[in-house]
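Trainee: Pasting work.txt below, which is compact mmCIF, C-alpha atoms.
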```txt
# COMPACT_ATOMS: atom_id res chain seq x y z
CA MET R 1 -13.27 -43.88 -13.77
CA CYS R 2 -9.60 -44.74 -14.26
CA LYS R 3 -9.69 -42.97 -17.60
CA GLU R 4 -11.29 -39.90 -15.99
CA ILE R 5 -8.53 -39.76 -13.38
CA ALA R 6 -5.87 -40.23 -16.03
CA ASP R 7 -7.31 -37.31 -17.99
CA LEU R 8 -6.96 -34.96 -15.02
CA PRO R 9 -3.88 -32.71 -14.81
CA SER R 10 -1.30 -34.39 -12.58
CA ALA R 11 -1.55 -31.68 -9.90
CA LYS R 12 -5.29 -32.31 -9.51
CA ARG R 13 -5.09 -36.10 -9.17
CA PHE R 14 -3.74 -35.87 -5.67
CA MET R 15 -5.65 -32.85 -4.39
CA ILE R 16 -7.48 -33.39 -1.08
CA PRO R 17 -9.82 -30.73 0.33
CA ILE R 18 -7.86 -28.64 2.85
CA SER R 19 -10.72 -28.84 5.35
CA GLU R 20 -10.38 -32.64 5.45
CA ILE R 21 -6.64 -32.36 6.08
CA ILE R 22 -7.20 -29.90 8.95
CA GLN R 23 -9.93 -32.05 10.52
CA SER R 24 -7.69 -35.09 10.32
CA ILE R 25 -4.80 -33.27 12.03
CA MET R 26 -7.07 -31.75 14.71
CA SER R 27 -8.38 -35.20 15.64
CA TYR R 28 -5.06 -35.81 17.44
CA GLY R 29 -5.91 -33.20 20.09
CA LEU R 30 -3.18 -30.89 21.43
CA PHE R 31 -0.55 -32.71 19.39
CA GLY R 32 -2.60 -32.05 16.28
CA VAL R 33 -2.88 -28.35 17.15
CA LEU R 34 0.90 -28.12 17.50
CA VAL R 35 1.39 -29.89 14.15
CA LEU R 36 -1.07 -27.48 12.52
CA ILE R 37 0.86 -24.49 13.93
CA VAL R 38 4.11 -25.90 12.52
CA ILE R 39 2.49 -26.35 9.08
CA TYR R 40 1.11 -22.81 9.21
CA TRP R 41 4.50 -21.49 10.26
CA LEU R 42 6.16 -23.03 7.24
CA ILE R 43 3.50 -21.92 4.73
CA LEU R 44 1.93 -18.76 6.23
CA PRO R 45 4.10 -17.59 9.13
CA GLU R 46 2.01 -14.50 9.83
CA LYS R 47 -1.12 -16.69 10.18
CA ALA R 48 0.79 -19.06 12.46
CA GLU R 49 1.51 -16.15 14.79
CA ILE R 50 -2.24 -15.54 15.13
CA VAL R 51 -2.94 -19.26 15.72
CA SER R 52 -0.15 -19.38 18.31
CA GLY R 53 -1.63 -16.35 20.01
CA GLN R 54 -5.02 -18.04 20.31
CA LEU R 55 -3.36 -21.15 21.78
CA TYR R 56 -1.62 -19.03 24.44
CA ARG R 57 -4.95 -17.34 25.08
CA LEU R 58 -6.44 -20.71 26.03
CA LEU R 59 -3.53 -21.35 28.40
CA ARG R 60 -3.87 -18.08 30.34
CA ASN R 61 -5.84 -19.66 33.19
CA ILE R 62 -3.22 -22.33 33.88
CA TRP R 63 0.04 -20.50 33.09
CA SER R 64 0.81 -16.97 34.23
CA GLY R 65 3.33 -16.40 31.42
CA ALA R 66 0.77 -17.15 28.69
CA GLU R 67 -0.81 -13.67 28.82
CA LYS R 68 2.22 -11.84 27.47
CA LYS R 69 2.82 -14.59 24.91
CA TYR R 70 -0.76 -14.30 23.71
CA ILE R 71 -0.60 -10.51 23.34
CA ALA R 72 2.79 -10.60 21.57
CA HIS R 73 1.94 -13.39 19.10
CA ASP R 74 -1.56 -12.08 18.35
CA THR R 75 -0.28 -8.54 17.71
CA GLN R 76 2.76 -9.65 15.70
CA GLY R 77 0.65 -11.96 13.57
CA ARG R 78 -2.01 -9.37 12.80
CA VAL R 79 0.53 -6.67 11.90
CA ASN R 80 2.60 -9.02 9.74
CA ASP R 81 -0.53 -10.42 8.09
CA TYR R 82 -1.60 -6.90 7.13
CA VAL R 83 1.78 -6.18 5.59
CA ASN R 84 1.80 -9.32 3.47
CA ASN R 85 -1.81 -9.05 2.38
CA PHE R 86 -2.24 -5.32 1.89
CA LEU R 87 0.86 -3.15 1.66
CA SER R 88 2.73 -5.68 -0.48
CA LYS R 89 -0.14 -5.56 -2.98
CA GLU R 90 -0.59 -1.79 -2.87
CA ILE R 91 3.05 -0.67 -3.06
CA LYS R 92 5.25 -1.92 -5.89
CA ASP R 93 8.50 -3.57 -4.70
CA PHE R 94 7.50 -3.19 -1.04
CA GLU R 95 9.63 -5.63 0.94
CA PRO R 96 7.79 -6.99 4.00
CA ILE R 97 9.74 -6.82 7.25
CA ASN R 98 8.28 -8.83 10.11
CA VAL R 99 7.63 -7.24 13.49
CA GLN R 100 8.88 -8.73 16.74
CA LEU R 101 7.36 -7.30 19.92
CA ASP R 102 9.23 -6.96 23.19
CA TRP R 103 7.45 -5.59 26.24
CA VAL R 104 9.32 -3.10 28.44
CA GLU R 105 8.69 -1.96 32.00
CA GLU R 106 7.26 1.45 32.82
CA THR R 107 10.74 2.82 33.60
CA TYR R 108 11.97 2.16 30.02
CA LEU R 109 11.31 4.31 26.98
CA PRO R 110 9.61 2.63 23.98
CA GLU R 111 11.87 2.23 20.95
CA ALA R 112 12.08 0.51 17.56
CA PHE R 113 15.12 -0.72 15.66
CA PHE R 114 16.06 -3.20 12.94
CA ASN R 115 17.93 -6.38 13.77
CA ASP R 116 18.49 -9.54 11.74
CA GLY R 117 15.89 -8.57 9.12
CA LYS R 118 13.18 -7.80 11.68
CA LEU R 119 11.73 -4.65 13.15
CA ILE R 120 12.08 -4.98 16.91
CA VAL R 121 9.39 -2.92 18.62
CA ARG R 122 9.73 -2.36 22.35
CA LEU R 123 6.49 -1.08 23.83
CA LYS R 124 4.81 -0.76 27.18
CA GLN R 125 2.18 -3.46 27.35
CA SER R 126 -1.44 -2.44 27.84
CA ASP R 127 -4.27 -4.55 29.22
CA ASN R 128 -6.20 -3.34 26.16
CA GLN R 129 -5.20 -5.62 23.28
CA ASN R 130 -6.65 -3.23 20.68
CA ARG R 131 -4.34 -0.51 21.99
CA ASN R 132 -1.35 -2.87 21.76
CA PHE R 133 -2.23 -3.65 18.14
CA VAL R 134 -2.75 0.01 17.20
CA ASN R 135 0.50 1.12 18.88
CA ALA R 136 2.58 -1.62 17.23
CA SER R 137 1.00 -1.00 13.82
CA LEU R 138 1.73 2.72 13.92
CA VAL R 139 5.37 2.07 14.81
CA PHE R 140 5.62 -0.36 11.89
CA ILE R 141 4.06 2.12 9.43
CA ALA R 142 6.30 4.94 10.64
CA GLN R 143 9.42 2.80 10.23
CA ASN R 144 8.62 1.08 6.93
CA VAL R 145 6.19 2.95 4.67
CA LEU R 146 8.14 5.38 2.43
CA ARG R 147 11.13 4.98 4.68
CA LYS R 148 13.56 6.59 2.20
CA ALA R 149 11.29 9.45 1.18
CA LYS R 150 10.60 10.37 4.80
CA ARG R 151 14.19 11.50 5.16
CA TYR R 152 13.38 14.54 3.01
CA ILE R 153 9.77 15.50 3.71
CA SER R 154 8.38 17.67 6.52
CA ASP R 155 7.21 16.28 9.85
CA LYS R 156 3.59 17.25 9.08
CA GLN R 157 3.71 15.51 5.70
CA ARG R 158 5.22 12.38 7.23
CA GLU R 159 2.75 12.32 10.12
CA SER R 160 -0.28 12.79 7.88
CA ILE R 161 0.83 9.99 5.53
CA ASP R 162 1.35 7.59 8.44
CA LEU R 163 -2.08 8.40 9.85
CA PHE R 164 -3.84 7.88 6.53
CA VAL R 165 -2.08 4.59 5.78
CA ALA R 166 -2.97 3.45 9.32
CA LYS R 167 -6.59 4.45 8.74
CA LYS R 168 -6.64 2.37 5.54
CA MET R 169 -5.24 -0.55 7.53
CA PHE R 170 -7.65 -0.33 10.45
CA GLU R 171 -10.64 -0.13 8.12
CA LYS R 172 -9.98 -3.80 7.43
CA GLU R 173 -10.06 -4.63 11.15
CA LYS R 174 -13.02 -4.85 13.50
CA ASP R 175 -14.80 -1.62 14.45
CA ASP R 176 -13.37 -1.38 17.96
CA VAL R 177 -9.82 -1.26 16.54
CA MET R 178 -10.73 1.77 14.42
CA THR R 179 -12.39 3.34 17.45
CA GLN R 180 -9.20 2.80 19.47
CA PHE R 181 -7.13 4.42 16.72
CA VAL R 182 -9.46 7.41 16.52
CA ASP R 183 -9.58 7.87 20.30
CA ASP R 184 -5.84 7.43 20.93
CA TYR R 185 -4.39 9.15 17.86
CA LEU R 186 -6.47 10.37 14.95
CA SER R 187 -8.88 12.81 16.59
CA GLU R 188 -6.06 14.68 18.31
CA LYS R 189 -3.59 14.62 15.41
CA ILE R 190 -5.95 15.95 12.75
CA ASP R 191 -6.83 18.88 14.99
CA ASP R 192 -3.47 20.18 13.84
CA GLU R 193 -4.37 22.46 10.92
CA LYS R 194 -1.67 21.23 8.54
CA VAL R 195 -2.01 17.53 9.35
CA GLY R 196 -5.81 17.76 9.10
CA ALA R 197 -5.64 19.54 5.71
CA PHE R 198 -3.30 16.90 4.29
CA PHE R 199 -5.49 14.10 5.68
CA GLU R 200 -8.62 15.55 4.05
CA LYS R 201 -6.88 15.81 0.67
CA TYR R 202 -5.70 12.18 0.93
CA HIS R 203 -9.33 11.17 1.42
CA TYR R 204 -10.41 12.69 -1.90
CA ILE R 205 -7.31 11.40 -3.68
CA ASP R 206 -8.01 7.92 -2.32
CA THR R 207 -11.70 8.02 -3.28
CA ALA R 208 -10.61 8.61 -6.88
CA GLY R 209 -8.28 5.62 -6.60
CA LEU R 210 -5.07 7.69 -6.80
CA PHE R 211 -3.61 7.53 -3.28
CA PHE R 212 -1.65 4.29 -3.45
CA PRO R 213 -1.37 3.92 -7.26
CA VAL R 214 -0.04 7.45 -7.87
CA PHE R 215 0.76 9.42 -4.71
CA ILE R 216 2.54 6.67 -2.75
CA GLN R 217 4.19 5.45 -5.97
CA GLU R 218 5.59 8.91 -6.75
CA MET R 219 6.76 9.28 -3.15
CA SER R 220 8.53 5.94 -3.48
CA PHE R 221 10.24 7.14 -6.67
CA LEU R 222 11.23 10.32 -4.83
CA GLY R 223 12.91 8.32 -2.09
CA GLU R 224 14.83 6.25 -4.63
CA LYS R 225 16.23 9.10 -6.72
CA VAL R 226 16.97 11.86 -4.17
CA PHE R 227 20.12 11.62 -2.06
CA ALA R 228 20.66 14.20 0.65
CA GLN R 229 22.03 14.45 4.15
CA ARG R 230 19.30 16.73 5.43
CA LYS R 231 15.72 17.75 4.75
CA ASP R 232 15.19 20.32 2.02
CA GLN R 233 12.56 23.09 1.88
CA THR R 234 12.34 22.65 -1.89
CA ILE R 235 11.21 19.06 -1.42
CA TYR R 236 8.59 20.12 1.16
CA GLN R 237 7.11 22.49 -1.40
CA GLU R 238 7.27 19.90 -4.15
CA VAL R 239 5.36 17.34 -2.09
CA ASN R 240 2.77 20.01 -1.23
CA GLY R 241 2.41 20.70 -4.97
CA LEU R 242 2.07 16.99 -5.70
CA ILE R 243 -0.74 16.69 -3.15
CA GLU R 244 -2.52 19.76 -4.53
CA PHE R 245 -2.25 18.45 -8.10
CA LEU R 246 -3.72 15.05 -7.23
CA ASP R 247 -6.40 16.64 -5.06
CA LYS R 248 -7.62 18.73 -8.02
CA TYR R 249 -7.27 15.81 -10.41
CA SER R 250 -9.25 13.51 -8.11
CA VAL R 251 -12.40 15.68 -8.26
CA ARG R 252 -12.21 16.39 -12.00
CA LYS R 253 -15.27 15.51 -14.06
CA ILE R 254 -15.14 13.12 -16.98
CA GLY R 255 -14.15 15.03 -20.11
CA ASP R 256 -12.75 18.04 -18.22
CA THR R 257 -9.58 19.15 -20.03
CA SER R 258 -8.96 22.31 -18.00
CA ILE R 259 -6.68 20.49 -15.54
CA ASP R 260 -3.15 19.92 -16.78
CA SER R 261 -2.37 16.25 -17.39
CA LYS R 262 1.20 16.50 -16.11
CA PHE R 263 3.05 17.45 -12.97
CA ASN R 264 6.51 18.70 -13.88
CA GLY R 265 8.30 19.45 -10.65
CA LEU R 266 11.98 19.45 -9.93
CA TYR R 267 11.98 15.90 -8.51
CA CYS R 268 8.51 14.48 -9.28
CA LYS R 269 7.81 14.49 -13.03
CA PHE R 270 4.83 12.49 -14.22
CA GLY R 271 1.87 12.58 -16.55
CA MET R 272 -1.70 11.22 -16.37
CA MET R 273 -3.68 9.89 -19.30
CA ILE R 274 -7.30 8.80 -19.11
CA VAL R 275 -8.07 6.14 -21.72
CA GLY R 276 -11.50 5.52 -23.19
CA ILE R 277 -13.66 8.58 -22.59
CA GLY R 278 -17.09 7.86 -24.04
CA GLY R 279 -16.97 6.25 -27.48
CA ARG R 280 -13.56 7.65 -28.37
CA ILE R 281 -11.89 4.25 -28.55
CA LYS R 282 -14.32 3.02 -31.21
CA SER R 283 -14.39 6.24 -33.20
CA GLU R 284 -10.69 7.20 -33.12
CA GLY R 285 -8.74 4.09 -32.12
CA SER R 286 -5.34 4.32 -30.47
CA SER R 287 -3.90 7.26 -32.45
CA PRO R 288 -4.92 10.09 -30.04
CA TYR R 289 -3.50 8.21 -27.07
CA GLU R 290 -0.23 7.42 -28.81
CA THR R 291 0.12 11.10 -29.75
CA HIS R 292 -0.53 12.19 -26.17
CA LEU R 293 2.00 9.71 -24.78
CA GLU R 294 4.65 11.09 -27.13
CA TYR R 295 3.70 14.60 -26.01
CA LEU R 296 4.16 13.62 -22.36
CA GLN R 297 7.53 12.09 -23.17
CA SER R 298 8.67 15.29 -24.89
CA SER R 299 7.60 17.33 -21.84
CA GLY R 300 10.23 15.57 -19.73
CA VAL R 301 8.11 13.38 -17.43
CA GLU R 302 9.69 10.29 -15.88
CA SER R 303 6.48 8.38 -15.10
CA ILE R 304 3.20 8.06 -16.97
CA TYR R 305 -0.02 6.75 -15.43
CA LEU R 306 -2.54 5.34 -17.91
CA ILE R 307 -5.95 4.92 -16.31
CA GLY R 308 -9.06 3.52 -17.92
CA ASP R 309 -12.11 1.31 -17.52
CA SER R 310 -10.99 -2.21 -16.61
CA ARG R 311 -13.07 -3.47 -19.54
CA ASN R 312 -10.56 -1.72 -21.84
CA LYS R 313 -7.58 -3.53 -20.35
CA GLU R 314 -6.55 -5.21 -23.62
CA PHE R 315 -6.75 -1.92 -25.52
CA ILE R 316 -4.59 -0.12 -22.94
CA ASP R 317 -2.05 -2.97 -22.95
CA SER R 318 -1.88 -2.88 -26.75
CA ILE R 319 -1.01 0.85 -26.73
CA CYS R 320 1.82 0.24 -24.27
CA SER R 321 3.23 -2.76 -26.11
CA SER R 322 3.19 -0.94 -29.46
CA LEU R 323 5.08 2.12 -28.15
CA CYS R 324 7.32 1.02 -25.26
CA GLY R 325 10.89 0.34 -26.32
CA GLY R 326 10.30 2.09 -29.64
CA ARG R 327 8.97 5.62 -29.99
CA LEU R 328 8.41 5.68 -26.24
CA LYS R 329 11.59 5.32 -24.14
CA PHE R 330 9.60 3.90 -21.24
CA GLY R 331 8.93 0.44 -19.86
CA VAL R 332 5.92 -1.02 -18.04
CA TYR R 333 6.70 -0.67 -14.33
CA ASN R 334 3.44 -1.91 -12.84
CA THR R 335 -0.18 -2.75 -13.60
CA LYS R 336 -3.13 -2.72 -11.23
CA GLU R 337 -6.89 -3.23 -11.18
CA TYR R 338 -8.95 -1.48 -8.50
CA SER R 339 -12.22 0.35 -7.81
CA ALA R 340 -12.52 4.13 -7.88
CA THR R 341 -15.21 6.81 -7.87
CA ILE R 342 -15.57 8.90 -11.04
CA THR R 343 -17.57 12.09 -11.49
CA TYR R 344 -19.66 12.86 -14.58
CA GLN R 345 -20.31 16.31 -16.06
CA ASP R 346 -23.71 16.55 -14.32
CA GLY R 347 -22.07 15.93 -10.92
CA THR R 348 -23.26 12.36 -10.46
CA LYS R 349 -20.74 9.85 -9.20
CA GLU R 350 -20.20 6.19 -9.95
CA ASN R 351 -17.91 3.53 -8.55
CA LYS R 352 -16.21 1.70 -11.40
CA GLY R 353 -13.50 -0.84 -12.00
CA ASN R 354 -10.28 0.85 -13.13
CA TYR R 355 -7.19 -0.50 -14.85
CA LEU R 356 -3.88 1.28 -14.33
CA VAL R 357 -0.56 0.94 -16.14
CA VAL R 358 2.49 2.70 -14.72
CA LEU R 359 5.15 3.49 -17.32
CA ARG R 360 8.62 4.43 -16.11
CA LYS R 361 11.33 6.17 -18.13
CA ASN R 362 14.29 3.94 -18.96
CA GLN R 363 16.81 6.52 -17.75
CA VAL R 364 15.86 8.48 -14.63
CA GLU R 365 17.92 11.38 -13.28
CA HIS R 366 19.13 11.28 -9.68
CA TYR R 367 19.49 14.31 -7.46
CA PHE R 368 21.79 15.48 -4.68
CA PRO R 369 20.02 18.55 -3.19
CA THR R 370 22.73 19.37 -0.63
CA GLN R 371 25.15 20.02 -3.51
CA ARG R 372 22.99 22.73 -5.11
CA THR R 373 24.13 26.35 -4.95
```
For this file, produce the structure as structure tokens.

Mentor:
Amino acid sequence: MCKEIADLPSAKRFMIPISEIIQSIMSYGLFGVLVLIVIYWLILPEKAEIVSGQLYRLLRNIWSGAEKKYIAHDTQGRVNDYVNNFLSKEIKDFEPINVQLDWVEETYLPEAFFNDGKLIVRLKQSDNQNRNFVNASLVFIAQNVLRKAKRYISDKQRESIDLFVAKKMFEKEKDDVMTQFVDDYLSEKIDDEKVGAFFEKYHYIDTAGLFFPVFIQEMSFLGEKVFAQRKDQTIYQEVNGLIEFLDKYSVRKIGDTSIDSKFNGLYCKFGMMIVGIGGRIKSEGSSPYETHLEYLQSSGVESIYLIGDSRNKEFIDSICSSLCGGRLKFGVYNTKEYSATITYQDGTKENKGNYLVVLRKNQVEHYFPTQRT
């Protein structure tokens, strides 16, 4: 037995099941609960907020101040947990900013502002905890998701994006949270013709697995490379064109070459390349893909999205490594594996595992729209 222990990697020799550690700590009663919260706070602060909220929930019958503490900690923890476990994975270089809730009286107007690295959200407290969570989440999304790009896009574009990201978030919550969101916000907002049309297009783009990997990514790039002091009609039209392009691309059938593989706008310039249609990889190897990548580069795009079956991950990576830094003046910006629905020529659909590589041009032009004549 000593030899078996000695043969184990050093990190595994001292591993104790986490459940045993928790049970041991909890055996000390209230003191153990407090210790557990401290441990959570150090390791997973957003989870600690939720645990703290549940503790305050238990204290509501013996302490009048526990109700507001419970609502604040539970809501903060759930919003922050979502950010760390969803948006940070979906959006490249997304920097989580924790939410701190402050409740205001009826005579005060709700507001949100940044202070000391946190988003301070001042809201009117509701007796409905689902409504509190939905309200706080929507403020967070409005303030943080595509914050730079939102300076330049239209109000309808911004509103529709916030609603769709919120919908994606609440899908991961219990059903009554989604119902609250639909009743309080979604059903009314999408009655607006423009907001509703955008929202519907996002649905099809997302079904094809292109909403976060391509649309939100391109919007993030837009926010990083455009510098203006006011909104610009040209950018409104460009974002509309981007949405239309991805909407058409999302419903394309496998093998359909009638849809252009690039979007060459004034600010958003990117190309799409599907890797591994049928038996093409075996019959033709990497040559056709390398040729197409060089074609996209010559067309002036600044981003290239390579998408293929996740089983062809090594093949896709090998294409990128053989070209990037050499014939291709691009670098690998991000990689991602996810599920998406594809459509075959006969109209049948299938949900498959996709692998995506985002290539970004080494030198990207920046724009100052207010200086144009």

Trainee: Which residue, R:Gln363, R:Ser303, R:Gln237, R:Asn312, has the smallest gap to Phe263 (chain R) when you use only C-alpha atoms?

Mentor: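 Checking each of R:Gln363, R:Ser303, R:Gln237, R:Asn312 against Phe263 (chain R), counting only C-alpha atoms, the winner is R:Ser303.
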
Trainee: What does the distance from CA of Tyr355 (chain R) to CA of Phe211 (chain R) come to in Å, to one decimal?

Mentor: 14.5 Å

Trainee: Considering only C-alpha atoms, can you say which of R:Phe330, R:Phe133, R:Trp103, R:Tyr338 comes closest to Val177 (chain R)?

Mentor: R:Phe133

Trainee: Write out as a tab-separated table (two decimals) with C-alpha atoms, in the frame of the given file the residues lying within 12 Å of Leu210 (chain R), counting only C-alpha atoms and excluding same-chain residues fewer than 2 positions away.

Mentor:
```
chain	number	residue	atom	x	y	z
R	90	GLU	CA	-0.59	-1.79	-2.87
R	201	LYS	CA	-6.88	15.81	0.67
R	202	TYR	CA	-5.70	12.18	0.93
R	203	HIS	CA	-9.33	11.17	1.42
R	204	TYR	CA	-10.41	12.69	-1.90
R	205	ILE	CA	-7.31	11.40	-3.68
R	206	ASP	CA	-8.01	7.92	-2.32
R	207	THR	CA	-11.70	8.02	-3.28
R	208	ALA	CA	-10.61	8.61	-6.88
R	212	PHE	CA	-1.65	4.29	-3.45
R	213	PRO	CA	-1.37	3.92	-7.26
R	214	VAL	CA	-0.04	7.45	-7.87
R	215	PHE	CA	0.76	9.42	-4.71
R	216	ILE	CA	2.54	6.67	-2.75
R	217	GLN	CA	4.19	5.45	-5.97
R	218	GLU	CA	5.59	8.91	-6.75
R	242	LEU	CA	2.07	16.99	-5.70
R	243	ILE	CA	-0.74	16.69	-3.15
R	245	PHE	CA	-2.25	18.45	-8.10
R	246	LEU	CA	-3.72	15.05	-7.23
R	247	ASP	CA	-6.40	16.64	-5.06
R	248	LYS	CA	-7.62	18.73	-8.02
R	249	TYR	CA	-7.27	15.81	-10.41
R	250	SER	CA	-9.25	13.51	-8.11
R	251	VAL	CA	-12.40	15.68	-8.26
R	272	MET	CA	-1.70	11.22	-16.37
R	305	TYR	CA	-0.02	6.75	-15.43
R	306	LEU	CA	-2.54	5.34	-17.91
R	307	ILE	CA	-5.95	4.92	-16.31
R	336	LYS	CA	-3.13	-2.72	-11.23
R	337	GLU	CA	-6.89	-3.23	-11.18
R	338	TYR	CA	-8.95	-1.48	-8.50
R	339	SER	CA	-12.22	0.35	-7.81
R	340	ALA	CA	-12.52	4.13	-7.88
R	341	THR	CA	-15.21	6.81	-7.87
R	342	ILE	CA	-15.57	8.90	-11.04
R	354	ASN	CA	-10.28	0.85	-13.13
R	355	TYR	CA	-7.19	-0.50	-14.85
R	356	LEU	CA	-3.88	1.28	-14.33
```

Trainee: Around the point (1.2, 11.1, -25.4) (coordinates from the file), which residues reach within 12 Å if we count only C-alpha atoms? Answer as a short mmCIF file (atom, residue, chain, number, x, y, z; two decimals) with C-alpha atoms, in the coordinates of the input.

Mentor:
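out_36.cif, written as the output of this step:
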```
data_model
loop_
_atom_site.label_atom_id
_atom_site.label_comp_id
_atom_site.auth_asym_id
_atom_site.auth_seq_id
_atom_site.Cartn_x
_atom_site.Cartn_y
_atom_site.Cartn_z
CA SER R 261 -2.37 16.25 -17.39
CA LYS R 262 1.20 16.50 -16.11
CA PHE R 270 4.83 12.49 -14.22
CA GLY R 271 1.87 12.58 -16.55
CA MET R 272 -1.70 11.22 -16.37
CA MET R 273 -3.68 9.89 -19.30
CA ILE R 274 -7.30 8.80 -19.11
CA VAL R 275 -8.07 6.14 -21.72
CA SER R 286 -5.34 4.32 -30.47
CA SER R 287 -3.90 7.26 -32.45
CA PRO R 288 -4.92 10.09 -30.04
CA TYR R 289 -3.50 8.21 -27.07
CA GLU R 290 -0.23 7.42 -28.81
CA THR R 291 0.12 11.10 -29.75
CA HIS R 292 -0.53 12.19 -26.17
CA LEU R 293 2.00 9.71 -24.78
CA GLU R 294 4.65 11.09 -27.13
CA TYR R 295 3.70 14.60 -26.01
CA LEU R 296 4.16 13.62 -22.36
CA GLN R 297 7.53 12.09 -23.17
CA SER R 298 8.67 15.29 -24.89
CA SER R 299 7.60 17.33 -21.84
CA GLY R 300 10.23 15.57 -19.73
CA VAL R 301 8.11 13.38 -17.43
CA SER R 303 6.48 8.38 -15.10
CA ILE R 304 3.20 8.06 -16.97
CA TYR R 305 -0.02 6.75 -15.43
CA LEU R 306 -2.54 5.34 -17.91
CA ILE R 319 -1.01 0.85 -26.73
CA CYS R 320 1.82 0.24 -24.27
CA LEU R 323 5.08 2.12 -28.15
CA CYS R 324 7.32 1.02 -25.26
CA ARG R 327 8.97 5.62 -29.99
CA LEU R 328 8.41 5.68 -26.24
CA LYS R 329 11.59 5.32 -24.14
CA PHE R 330 9.60 3.90 -21.24
CA LEU R 359 5.15 3.49 -17.32
#
```

Trainee: Give me, as a CSV table (one decimal) with C-alpha atoms, in the coordinates of the input, all polymer residues having an atom no more than 12 Å from Ser187 (chain R), counting all atoms listed in the file and skipping those fewer than 3 positions away in the same chain.

Mentor:
```
chain,number,residue,atom,x,y,z
R,163,LEU,CA,-2.1,8.4,9.8
R,167,LYS,CA,-6.6,4.4,8.7
R,178,MET,CA,-10.7,1.8,14.4
R,179,THR,CA,-12.4,3.3,17.4
R,180,GLN,CA,-9.2,2.8,19.5
R,181,PHE,CA,-7.1,4.4,16.7
R,182,VAL,CA,-9.5,7.4,16.5
R,183,ASP,CA,-9.6,7.9,20.3
R,184,ASP,CA,-5.8,7.4,20.9
R,190,ILE,CA,-6.0,16.0,12.8
R,191,ASP,CA,-6.8,18.9,15.0
R,192,ASP,CA,-3.5,20.2,13.8
R,195,VAL,CA,-2.0,17.5,9.4
R,196,GLY,CA,-5.8,17.8,9.1
R,199,PHE,CA,-5.5,14.1,5.7
```

Trainee: So what do you get for CA of Lys313 (chain R) versus CA of Leu222 (chain R), distance-wise?

Mentor: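 Computing it gives 28.0 Å between the two atoms.
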
Trainee: Which residues, written as a compact mmCIF listing (two decimals) with C-alpha atoms, in the coordinates of the input, have at least one atom at most 12 Å from Glu95 (chain R), with all atoms listed in the file counted and residues fewer than 2 positions away on the same chain left out?

Mentor:
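Listing of result.txt after writing:
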```
# COMPACT_ATOMS: atom_id res chain seq x y z
CA ASN R 80 2.60 -9.02 9.74
CA VAL R 83 1.78 -6.18 5.59
CA ASN R 84 1.80 -9.32 3.47
CA PHE R 86 -2.24 -5.32 1.89
CA LEU R 87 0.86 -3.15 1.66
CA SER R 88 2.73 -5.68 -0.48
CA LYS R 89 -0.14 -5.56 -2.98
CA GLU R 90 -0.59 -1.79 -2.87
CA ILE R 91 3.05 -0.67 -3.06
CA LYS R 92 5.25 -1.92 -5.89
CA ASP R 93 8.50 -3.57 -4.70
CA ILE R 97 9.74 -6.82 7.25
CA ASN R 98 8.28 -8.83 10.11
CA GLY R 117 15.89 -8.57 9.12
CA LYS R 118 13.18 -7.80 11.68
CA ASN R 144 8.62 1.08 6.93
CA VAL R 145 6.19 2.95 4.67
CA LEU R 146 8.14 5.38 2.43
CA ARG R 147 11.13 4.98 4.68
```

Trainee: List the spatial neighbours of Gly223 (chain R) as a ChimeraX atom specification - criterion: any atom at most 7 Å away, all atoms listed in the file, same-chain residues fewer than 3 positions off excluded.

Mentor: /R:148-149,219-220,226

Trainee: Could you tell me how far CA of Lys68 (chain R) lies from CA of Leu119 (chain R), in Å and to one decimal?

Mentor: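 Straight-line distance from CA of Lys68 (chain R) to CA of Leu119 (chain R) works out to 18.6 Å.
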